[in-house]
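Heads up, start06.cif below (mmCIF, C-alpha atoms):
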```cif
data_start
loop_
_atom_site.label_atom_id
_atom_site.label_comp_id
_atom_site.auth_asym_id
_atom_site.auth_seq_id
_atom_site.Cartn_x
_atom_site.Cartn_y
_atom_site.Cartn_z
CA MET A 1254 -21.86 3.14 10.68
CA GLY A 1255 -18.48 1.53 10.16
CA GLY A 1256 -17.25 -0.02 7.01
CA HIS A 1257 -17.99 2.84 4.64
CA SER A 1258 -15.34 3.53 2.03
CA ASN A 1259 -13.28 6.70 2.42
CA TRP A 1260 -10.83 6.23 -0.45
CA PRO A 1261 -12.04 9.46 -2.27
CA GLU A 1262 -11.00 11.39 0.82
CA TRP A 1263 -7.53 9.85 0.76
CA ILE A 1264 -7.18 10.63 -2.95
CA TYR A 1265 -8.26 14.21 -2.27
CA ILE A 1266 -5.73 14.55 0.55
CA GLY A 1267 -3.03 12.98 -1.63
CA VAL A 1268 -3.69 15.35 -4.52
CA VAL A 1269 -3.73 18.42 -2.27
CA VAL A 1270 -0.53 17.38 -0.49
CA ALA A 1271 1.17 16.66 -3.84
CA LEU A 1272 0.11 20.06 -5.19
CA MET A 1273 1.36 21.86 -2.11
CA VAL A 1274 4.68 20.02 -2.20
CA TRP A 1275 5.04 20.89 -5.89
CA VAL A 1276 4.21 24.59 -5.34
CA GLY A 1277 6.56 24.70 -2.37
CA ALA A 1278 9.39 23.12 -4.36
CA GLU A 1279 8.86 25.52 -7.25
CA ALA A 1280 8.82 28.48 -4.88
CA TRP A 1281 11.98 27.27 -3.17
CA GLU A 1282 13.71 26.84 -6.53
CA ALA A 1283 12.57 30.29 -7.71
CA GLU A 1284 13.83 31.86 -4.51
CA ARG A 1285 17.17 30.06 -4.89
CA LEU A 1286 17.54 31.41 -8.43
CA VAL A 1287 16.60 34.94 -7.40
CA GLU A 1288 18.79 35.10 -4.32
CA HIS A 1289 21.82 33.20 -5.57
CA VAL A 1290 24.10 35.89 -6.98
CA PRO A 1291 26.55 34.41 -9.53
CA GLU A 1292 30.13 34.50 -8.26
CA ASP A 1293 31.42 36.44 -11.26
CA ALA A 1294 28.74 39.13 -10.86
CA LYS A 1295 30.07 42.67 -11.00
CA THR A 1296 28.95 44.97 -8.24
CA ILE A 1297 27.26 48.24 -9.06
CA ILE A 1298 26.53 50.59 -6.18
CA VAL A 1299 23.18 52.24 -6.80
CA THR A 1300 22.35 55.35 -4.81
CA GLY A 1301 18.93 56.92 -4.83
CA GLU A 1302 18.40 60.47 -3.71
CA GLN A 1303 15.78 63.10 -4.36
CA TRP A 1304 15.34 62.79 -7.27
CA PHE A 1305 17.93 60.89 -9.31
CA TRP A 1306 19.92 57.66 -9.44
CA THR A 1307 23.71 57.45 -9.21
CA PHE A 1308 25.62 54.34 -10.28
CA GLU A 1309 29.17 53.45 -9.28
CA HIS A 1310 30.93 50.64 -11.09
CA GLU A 1311 33.64 48.41 -9.63
CA ASP A 1312 36.37 50.44 -11.37
CA GLY A 1313 35.11 53.62 -9.72
CA THR A 1314 33.36 54.99 -12.76
CA LYS A 1315 30.30 56.95 -11.77
CA GLU A 1316 27.23 57.59 -13.83
CA ILE A 1317 24.18 59.72 -13.10
CA GLY A 1318 20.84 58.81 -14.62
CA GLU A 1319 22.40 56.37 -17.07
CA LEU A 1320 23.73 52.91 -16.48
CA HIS A 1321 25.89 51.14 -19.05
CA VAL A 1322 26.22 47.37 -18.77
CA GLU A 1323 27.28 44.57 -21.11
CA VAL A 1324 25.25 41.73 -22.53
CA GLY A 1325 25.77 38.32 -20.95
CA LYS A 1326 27.40 39.52 -17.74
CA ALA A 1327 25.83 39.31 -14.34
CA TYR A 1328 25.53 42.41 -12.16
CA LYS A 1329 24.80 42.74 -8.50
CA PHE A 1330 23.20 46.00 -7.40
CA GLU A 1331 23.95 47.28 -3.92
CA ILE A 1332 21.17 49.74 -3.35
CA HIS A 1333 21.57 52.72 -1.02
CA SER A 1334 19.55 55.81 -0.30
CA LYS A 1335 20.82 59.20 0.79
CA ASP A 1336 17.57 60.67 2.05
CA VAL A 1337 14.15 58.99 1.91
CA ASN A 1338 12.82 55.66 0.72
CA HIS A 1339 13.09 55.01 -2.98
CA SER A 1340 12.66 51.83 -4.97
CA PHE A 1341 15.01 50.83 -7.77
CA ASN A 1342 13.11 49.35 -10.66
CA ILE A 1343 14.15 48.11 -14.11
CA HIS A 1344 10.74 47.14 -15.33
CA ASP A 1345 11.85 45.15 -18.39
CA TYR A 1346 14.15 42.91 -16.34
CA VAL A 1347 11.84 42.61 -13.33
CA VAL A 1348 14.41 44.22 -11.05
CA LEU A 1349 12.67 45.84 -8.09
CA MET A 1350 14.29 46.57 -4.75
CA ASP A 1351 13.71 49.29 -2.17
CA ALA A 1352 16.39 51.85 -1.43
CA ILE A 1353 16.23 52.46 2.30
CA PRO A 1354 18.43 55.00 4.09
CA GLY A 1355 20.86 53.32 6.49
CA ARG A 1356 20.58 49.96 4.79
CA VAL A 1357 22.05 48.16 1.77
CA ASN A 1358 19.68 45.99 -0.24
CA THR A 1359 21.00 43.76 -2.98
CA VAL A 1360 19.47 42.38 -6.13
CA TRP A 1361 21.08 40.98 -9.26
CA PHE A 1362 20.33 40.59 -12.93
CA ALA A 1363 22.01 39.50 -16.17
CA PRO A 1364 20.90 41.32 -19.32
CA THR A 1365 20.24 39.01 -22.25
CA ASP A 1366 19.94 41.43 -25.19
CA ALA A 1367 21.47 44.73 -26.22
CA GLY A 1368 19.12 47.71 -25.98
CA THR A 1369 17.91 50.49 -23.76
CA HIS A 1370 15.45 50.11 -20.92
CA ASP A 1371 13.79 52.44 -18.45
CA ILE A 1372 14.89 52.75 -14.84
CA GLN A 1373 12.41 54.32 -12.50
CA CYS A 1374 11.70 55.00 -8.84
CA ARG A 1375 8.81 52.94 -7.56
CA GLU A 1376 8.40 54.33 -4.05
CA TYR A 1377 6.85 57.75 -3.63
CA CYS A 1378 9.68 60.07 -2.60
CA GLY A 1379 8.39 63.60 -3.03
CA LEU A 1380 7.91 66.36 -5.55
CA ILE A 1381 9.75 64.94 -8.57
CA HIS A 1382 9.22 61.26 -7.82
CA TYR A 1383 7.25 60.99 -11.05
CA ASN A 1384 10.34 61.95 -13.03
CA MET A 1385 13.01 60.11 -11.04
CA ARG A 1386 14.02 58.07 -14.04
CA GLY A 1387 17.12 56.63 -15.57
CA THR A 1388 18.18 54.71 -18.62
CA LEU A 1389 19.71 51.27 -18.69
CA ILE A 1390 21.91 50.89 -21.73
CA VAL A 1391 22.85 47.27 -22.43
CA GLU A 1392 25.80 47.16 -24.82
CA ASP A 1393 27.17 44.28 -26.84
CA PRO A 1394 31.00 44.66 -26.78
CA THR A 1395 31.43 42.22 -29.68
CA ALA A 1396 29.09 44.09 -31.99
CA MET H 1176 -36.66 45.87 24.58
CA VAL H 1177 -37.63 47.58 21.36
CA LEU H 1178 -37.06 51.31 21.18
CA GLU H 1179 -39.64 53.14 19.10
CA LEU H 1180 -37.94 56.16 17.56
CA GLN H 1181 -40.09 59.23 17.32
CA LYS H 1182 -39.86 60.76 13.89
CA PRO H 1183 -39.49 63.21 12.40
CA ARG H 1184 -37.11 64.61 14.93
CA PRO H 1185 -35.17 67.88 15.00
CA ILE H 1186 -31.58 67.53 13.79
CA TRP H 1187 -30.04 68.27 17.18
CA GLN H 1188 -31.86 65.31 18.67
CA ILE H 1189 -30.24 63.05 16.13
CA MET H 1190 -26.84 64.68 16.59
CA PHE H 1191 -26.93 64.26 20.35
CA SER H 1192 -28.47 60.82 20.19
CA THR H 1193 -26.56 57.93 21.65
CA HIS H 1194 -28.86 55.25 20.31
CA HIS H 1195 -27.05 52.70 18.21
CA THR H 1196 -29.33 53.01 15.18
CA ASP H 1197 -28.90 56.80 15.16
CA VAL H 1198 -25.16 56.56 15.51
CA GLY H 1199 -25.12 53.85 12.86
CA LEU H 1200 -27.01 56.07 10.43
CA LEU H 1201 -24.74 59.01 11.21
CA TYR H 1202 -21.78 56.76 10.41
CA LEU H 1203 -23.50 55.68 7.20
CA ILE H 1204 -24.29 59.20 5.98
CA THR H 1205 -20.83 60.49 6.89
CA SER H 1206 -19.00 57.59 5.29
CA LEU H 1207 -21.04 57.87 2.08
CA ALA H 1208 -20.33 61.61 1.96
CA PHE H 1209 -16.61 60.86 2.22
CA LEU H 1210 -17.01 58.12 -0.42
CA PHE H 1211 -18.17 60.75 -2.89
CA LEU H 1212 -15.50 63.26 -1.79
CA GLY H 1213 -12.72 60.69 -2.13
CA GLY H 1214 -14.27 59.43 -5.35
CA SER H 1215 -14.22 62.91 -6.85
CA LEU H 1216 -10.48 63.03 -6.14
CA ALA H 1217 -10.16 59.65 -7.88
CA LEU H 1218 -11.93 61.11 -10.90
CA ALA H 1219 -9.52 64.05 -10.86
CA ILE H 1220 -6.54 61.65 -10.77
CA ARG H 1221 -7.85 59.54 -13.64
CA ALA H 1222 -8.80 62.61 -15.68
CA GLU H 1223 -5.26 63.91 -15.24
CA LEU H 1224 -3.79 60.55 -16.24
CA PHE H 1225 -6.03 60.23 -19.28
CA LEU H 1226 -3.17 61.57 -21.38
CA PRO H 1227 0.58 61.62 -20.68
CA GLY H 1228 1.97 64.88 -19.31
CA ALA H 1229 0.23 67.49 -17.19
CA GLN H 1230 -3.23 68.46 -18.39
CA ILE H 1231 -5.58 69.55 -15.63
CA ILE H 1232 -3.50 69.50 -12.45
CA GLY H 1233 -0.68 71.87 -13.16
CA ASP H 1234 2.00 71.01 -10.63
CA ALA H 1235 3.25 67.68 -9.32
CA MET H 1236 2.80 68.51 -5.64
CA THR H 1237 -0.91 69.19 -6.08
CA PHE H 1238 -1.24 65.81 -7.78
CA ASN H 1239 0.67 64.15 -4.93
CA ARG H 1240 -1.59 65.80 -2.37
CA ILE H 1241 -4.68 64.71 -4.28
CA PHE H 1242 -3.77 61.02 -4.37
CA THR H 1243 -2.75 61.14 -0.72
CA VAL H 1244 -6.02 62.66 0.46
CA HIS H 1245 -7.90 60.37 -1.92
CA GLY H 1246 -6.39 57.26 -0.34
CA THR H 1247 -6.64 58.55 3.21
CA THR H 1248 -10.25 59.55 2.73
CA LEU H 1249 -11.39 56.27 1.26
CA ILE H 1250 -9.56 54.09 3.78
CA PHE H 1251 -10.02 56.02 7.00
CA LEU H 1252 -13.11 58.11 6.31
CA PHE H 1253 -15.07 55.69 4.16
CA ILE H 1254 -14.21 52.00 4.63
CA ILE H 1255 -13.68 52.04 8.40
CA PRO H 1256 -16.67 54.28 9.28
CA PHE H 1257 -18.81 52.27 6.85
CA ALA H 1258 -17.95 49.09 8.73
CA SER H 1259 -18.81 50.95 11.93
CA ALA H 1260 -22.15 51.95 10.42
CA VAL H 1261 -23.07 48.34 9.72
CA GLY H 1262 -21.78 47.20 13.10
CA ASN H 1263 -23.49 49.93 15.08
CA TYR H 1264 -26.80 49.44 13.38
CA TYR H 1265 -27.02 45.67 13.17
CA VAL H 1266 -24.88 43.99 15.79
CA PRO H 1267 -26.89 45.08 18.87
CA ILE H 1268 -30.03 43.91 17.05
CA MET H 1269 -28.41 40.64 16.07
CA VAL H 1270 -27.30 39.91 19.61
CA ARG H 1271 -30.69 41.01 20.97
CA TYR H 1272 -29.25 43.79 23.07
CA LYS H 1273 -30.88 47.16 23.62
CA ASP H 1274 -27.90 49.31 22.64
CA MET H 1275 -24.14 49.38 22.39
CA ALA H 1276 -22.27 49.12 25.66
CA TYR H 1277 -21.14 52.63 26.69
CA PRO H 1278 -23.43 54.46 24.23
CA LYS H 1279 -22.01 57.92 25.00
CA LEU H 1280 -18.49 56.76 24.31
CA ASN H 1281 -19.77 55.18 21.12
CA ALA H 1282 -21.35 58.46 20.03
CA ILE H 1283 -18.19 60.40 20.93
CA ALA H 1284 -16.21 57.98 18.76
CA PHE H 1285 -18.41 58.90 15.83
CA TRP H 1286 -18.10 62.63 16.49
CA MET H 1287 -14.33 62.34 16.26
CA ILE H 1288 -14.74 61.73 12.53
CA PRO H 1289 -15.86 65.20 11.38
CA PRO H 1290 -12.85 66.99 12.99
CA ALA H 1291 -10.53 64.24 11.75
CA GLY H 1292 -11.90 64.60 8.24
CA ALA H 1293 -11.62 68.37 8.45
CA LEU H 1294 -7.96 68.13 9.52
CA ILE H 1295 -7.13 65.74 6.70
CA TRP H 1296 -8.93 67.78 4.07
CA LEU H 1297 -7.72 71.19 5.25
CA GLY H 1298 -4.14 69.95 5.61
CA PHE H 1299 -4.01 68.11 2.27
CA ALA H 1300 -0.70 66.35 2.98
CA ASP H 1301 1.34 64.73 0.21
CA PHE H 1302 3.05 61.62 1.60
CA THR H 1303 0.55 58.94 0.44
CA TRP H 1304 -1.78 57.10 2.79
CA TYR H 1305 1.15 55.02 4.07
CA ALA H 1306 2.92 58.19 5.26
CA THR H 1307 6.18 56.26 4.82
CA PRO H 1308 9.02 57.57 6.97
CA PRO H 1309 11.52 59.16 6.62
CA TYR H 1310 9.77 61.14 3.90
CA SER H 1311 6.75 61.83 6.11
CA ILE H 1312 9.04 62.75 9.02
CA ILE H 1313 10.87 65.25 6.85
CA SER H 1314 7.54 66.83 5.92
CA ALA H 1315 6.20 66.64 9.46
CA PRO H 1316 7.16 70.05 10.90
CA GLY H 1317 4.63 71.51 8.51
CA PRO H 1318 0.93 72.08 9.00
CA ALA H 1319 -0.23 69.61 6.32
CA ALA H 1320 1.64 66.63 7.75
CA ASP H 1321 0.82 67.53 11.35
CA MET H 1322 -2.84 67.90 10.54
CA TRP H 1323 -2.83 64.53 8.78
CA ILE H 1324 -1.19 62.88 11.78
CA PHE H 1325 -3.62 64.46 14.23
CA GLY H 1326 -6.50 63.67 11.95
CA LEU H 1327 -5.64 60.00 11.84
CA LYS H 1328 -3.89 59.19 15.03
CA ASP H 1329 -5.40 61.32 17.73
CA PHE H 1330 -8.96 61.60 16.64
CA ARG H 1331 -9.49 58.32 14.93
CA TYR H 1332 -7.25 56.03 16.93
CA PHE H 1333 -7.13 57.58 20.34
CA ILE H 1334 -10.77 57.61 21.24
CA SER H 1335 -12.23 55.06 18.83
CA PRO H 1336 -10.23 52.06 20.03
CA TRP H 1337 -11.34 52.78 23.55
CA CYS H 1338 -14.85 52.44 22.35
CA ASN H 1339 -14.01 49.25 20.53
CA GLN H 1340 -12.46 47.47 23.36
CA LEU H 1341 -15.04 48.63 25.85
CA CYS H 1342 -18.05 48.21 23.62
CA SER H 1343 -16.82 44.96 22.17
CA TYR H 1344 -19.75 44.84 19.75
CA ASN H 1345 -18.38 47.70 17.77
CA SER H 1346 -16.93 46.48 14.48
CA GLN H 1347 -14.58 49.36 13.87
CA MET H 1348 -10.83 48.87 14.07
#
```

Here is a file; write its structure as structure tokens.
Amino acid sequence: MGGHSNWPEWIYIGVVVALMVWVGAEAWEAERLVEHVPEDAKTIIVTGEQWFWTFEHEDGTKEIGELHVEVGKAYKFEIHSKDVNHSFNIHDYVVLMDAIPGRVNTVWFAPTDAGTHDIQCREYCGLIHYNMRGTLIVEDPTA
Amino acid sequence: MVLELQKPRPIWQIMFSTHHTDVGLLYLITSLAFLFLGGSLALAIRAELFLPGAQIIGDAMTFNRIFTVHGTTLIFLFIIPFASAVGNYYVPIMVRYKDMAYPKLNAIAFWMIPPAGALIWLGFADFTWYATPPYSIISAPGPAADMWIFGLKDFRYFISPWCNQLCSYNSQM
């Protein structure tokens, strides 16, 4: 039975291939944005331990439970753990990265508005996991 | 060959039966019992979380133990045995075979579930159904964690996989 038309099949294949290429390109671009840390990003060493967060800024300033950052600057978090697995999460800025003992995970963000946001642990880490919280305080130095 | 089951039968005949429909029904009854046990823990969790702060479950560790045993129960004592129930009952019929291969081993695999369930429920560990190390390792030299590990690993995954690979018609993991 030769000679039948199969052009709908080719259109179907073309549409599916185009969609997959588009989704792949978008995913690649999103991954590039997420993983490309800006060169002027300031490093903050984040340490999770049962059951609180410690933050160390580039100038050596240490904070416990609170993190002060400035609007419009980029920050790179280097996430450590002293005991068990934790997960560093700033829900409002979609920052989420595990804190694994013996390993440094990095993630970055750049706050856009002044305000306070919750920091929480998102990996079960024991008795007071439910209250292993912190506060992100985004300050506007010009205000 | 069709096996006519005599019924009603005394309970010990069912318990010591190696026939695939009997074992399948034992799996079914056991897994449904654990469905309701795990479900009651789910209700306790949701009732506690109905309002912020502690209401019903006073301390955090009890809450942690409840969601751990809830998850463990529903995954390992409901979903997997339920799949085994369906597989044990139907697959030999579907493939027109008289019983599972190695029926005694198959029955032993089922009878590992009650002690495994007892260990998990009597231990009431707290490290979630992932048992993520190093937290679970830190808790391990304690009866709850050890009982959880024995409940899952030794009873469920030492003997059962033997049955799986040998029986090959068994649908459990």

**OP:** Within 12 Å of chain H, which residues of chain A are there when counting all atoms listed in the file? Please give them as a PyMOL selection string.
**Re:** chain A and resi 1302-1303+1334-1339+1352-1355+1376-1384

Original post:
Neighbours of Gly1298 (chain H) within 9 Å (all atoms listed in the file; same-chain residues fewer than 2 positions away dropped), as a ChimeraX atom specification?
Top reply: /H:1293-1296,1300,1318-1323

Subject >> Using only C-alpha atoms: which of H:Gly1214, H:Pro1183, H:Pro1289, H:Pro1278 has the shortest distance to Tyr1202 (chain H) >> reply: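 Smallest distance to Tyr1202 (chain H) is found for H:Pro1289.
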
Subject >> Residue contacts of Ile1250 (chain H) (12 Å, all atoms listed in the file) excluding same-chain residues fewer than 6 positions away, as a list of chain:residue names >> reply: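 Counting only the stated atoms, we get H:Ser1206, H:Phe1209, H:Leu1210, H:Gly1213, H:Gly1214, H:Thr1243, H:Val1244, H:Pro1256, H:Phe1257, H:Ala1258, H:Gly1292, H:Thr1303, H:Trp1304, H:Tyr1305, H:Leu1327, H:Arg1331, H:Met1348.
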
**OP:** Evaluate the PyMOL selection byres ((chain H and resi 1223) around 12) and record the selected residues as a ChimeraX atom specification, following the chain and residue labels used in the document.
**Re:** /H:1216-1222,1224-1235,1237-1239,1241-1242

**OP:** Would you mind reading off the distance between CA of Glu1309 (chain A) and CA of Arg1285 (chain A), one decimal, in Å?
**Re:**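 So the two atoms, CA of Glu1309 (chain A) and CA of Arg1285 (chain A), lie 26.7 Å apart.
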
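Here CA of Ala1367 (chain A) is placed at a distance of 21.2 Å from CA of Trp1306 (chain A).
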
The centre and edge lengths of an axis-aligned box containing all atoms of region 1349-1367 of chain A present in the file, extended by 4 Å on each side, are to be given in Å to one decimal, as AutoDock Vina command-line options.
```
--center_x 17.4 --center_y 47.0 --center_z -9.9 --size_x 17.4 --size_y 24.0 --size_z 40.7
```

Original post:
Hey, can you pull every residue with an atom no more than 10 Å from (25.5, 43.4, -22.5), using all atoms listed in the file, and send it as number ranges by chain?
Top reply: A: 1321-1327, 1363-1368, 1390-1395

Missing atoms in region 1255-1280 of chain A need filling: write out N, CA, C and O atoms for it as a compact mmCIF listing (two decimals), keeping the file's coordinate frame.
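In the end it all went to selection-v6.txt:
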```txt
# COMPACT_ATOMS: atom_id res chain seq x y z
N GLY A 1255 -19.83 1.84 10.63
CA GLY A 1255 -18.48 1.53 10.16
C GLY A 1255 -18.51 0.89 8.79
O GLY A 1255 -19.57 0.60 8.24
N GLY A 1256 -17.36 0.72 8.24
CA GLY A 1256 -17.25 -0.02 7.01
C GLY A 1256 -17.49 0.79 5.75
O GLY A 1256 -17.36 0.25 4.66
N HIS A 1257 -17.82 2.09 5.88
CA HIS A 1257 -17.99 2.84 4.64
C HIS A 1257 -16.62 3.16 4.05
O HIS A 1257 -15.62 3.26 4.76
N SER A 1258 -16.60 3.31 2.74
CA SER A 1258 -15.34 3.53 2.03
C SER A 1258 -14.96 5.00 2.10
O SER A 1258 -15.79 5.88 1.89
N ASN A 1259 -13.72 5.29 2.44
CA ASN A 1259 -13.28 6.70 2.42
C ASN A 1259 -12.11 6.90 1.47
O ASN A 1259 -11.32 7.81 1.64
N TRP A 1260 -11.97 6.05 0.46
CA TRP A 1260 -10.83 6.23 -0.45
C TRP A 1260 -10.88 7.55 -1.22
O TRP A 1260 -9.83 8.12 -1.51
N PRO A 1261 -12.09 8.15 -1.60
CA PRO A 1261 -12.04 9.46 -2.27
C PRO A 1261 -11.39 10.52 -1.40
O PRO A 1261 -10.69 11.41 -1.89
N GLU A 1262 -11.61 10.41 -0.09
CA GLU A 1262 -11.00 11.39 0.82
C GLU A 1262 -9.48 11.28 0.79
O GLU A 1262 -8.77 12.29 0.76
N TRP A 1263 -8.99 10.04 0.78
CA TRP A 1263 -7.53 9.85 0.76
C TRP A 1263 -6.94 10.33 -0.56
O TRP A 1263 -5.86 10.92 -0.58
N ILE A 1264 -7.67 10.12 -1.66
CA ILE A 1264 -7.18 10.63 -2.95
C ILE A 1264 -7.13 12.15 -2.91
O ILE A 1264 -6.16 12.78 -3.34
N TYR A 1265 -8.19 12.74 -2.38
CA TYR A 1265 -8.26 14.21 -2.27
C TYR A 1265 -7.07 14.73 -1.46
O TYR A 1265 -6.34 15.64 -1.88
N ILE A 1266 -6.85 14.11 -0.29
CA ILE A 1266 -5.73 14.55 0.55
C ILE A 1266 -4.41 14.37 -0.19
O ILE A 1266 -3.54 15.26 -0.19
N GLY A 1267 -4.27 13.24 -0.89
CA GLY A 1267 -3.03 12.98 -1.63
C GLY A 1267 -2.79 14.01 -2.71
O GLY A 1267 -1.67 14.54 -2.85
N VAL A 1268 -3.85 14.37 -3.45
CA VAL A 1268 -3.69 15.35 -4.52
C VAL A 1268 -3.32 16.71 -3.94
O VAL A 1268 -2.42 17.40 -4.44
N VAL A 1269 -4.01 17.10 -2.87
CA VAL A 1269 -3.73 18.42 -2.27
C VAL A 1269 -2.30 18.46 -1.73
O VAL A 1269 -1.57 19.44 -1.95
N VAL A 1270 -1.89 17.41 -1.04
CA VAL A 1270 -0.53 17.38 -0.49
C VAL A 1270 0.48 17.43 -1.63
O VAL A 1270 1.47 18.18 -1.58
N ALA A 1271 0.24 16.66 -2.71
CA ALA A 1271 1.17 16.66 -3.84
C ALA A 1271 1.26 18.05 -4.46
O ALA A 1271 2.35 18.55 -4.77
N LEU A 1272 0.10 18.71 -4.62
CA LEU A 1272 0.11 20.06 -5.19
C LEU A 1272 0.90 21.02 -4.31
O LEU A 1272 1.69 21.82 -4.80
N MET A 1273 0.68 20.93 -3.01
CA MET A 1273 1.36 21.86 -2.11
C MET A 1273 2.86 21.61 -2.09
O MET A 1273 3.66 22.55 -2.05
N VAL A 1274 3.25 20.33 -2.15
CA VAL A 1274 4.68 20.02 -2.20
C VAL A 1274 5.28 20.57 -3.49
O VAL A 1274 6.36 21.18 -3.49
N TRP A 1275 4.54 20.42 -4.60
CA TRP A 1275 5.04 20.89 -5.89
C TRP A 1275 5.18 22.42 -5.88
O TRP A 1275 6.22 22.97 -6.27
N VAL A 1276 4.15 23.13 -5.39
CA VAL A 1276 4.21 24.59 -5.34
C VAL A 1276 5.35 25.04 -4.43
O VAL A 1276 6.10 25.96 -4.75
N GLY A 1277 5.49 24.35 -3.29
CA GLY A 1277 6.56 24.70 -2.37
C GLY A 1277 7.94 24.50 -2.99
O GLY A 1277 8.82 25.35 -2.84
N ALA A 1278 8.10 23.38 -3.72
CA ALA A 1278 9.39 23.12 -4.36
C ALA A 1278 9.70 24.15 -5.43
O ALA A 1278 10.82 24.66 -5.53
N GLU A 1279 8.68 24.50 -6.22
CA GLU A 1279 8.86 25.52 -7.25
C GLU A 1279 9.24 26.86 -6.62
O GLU A 1279 10.11 27.58 -7.10
N ALA A 1280 8.56 27.21 -5.54
CA ALA A 1280 8.82 28.48 -4.88
C ALA A 1280 10.24 28.50 -4.32
O ALA A 1280 10.96 29.50 -4.42
```
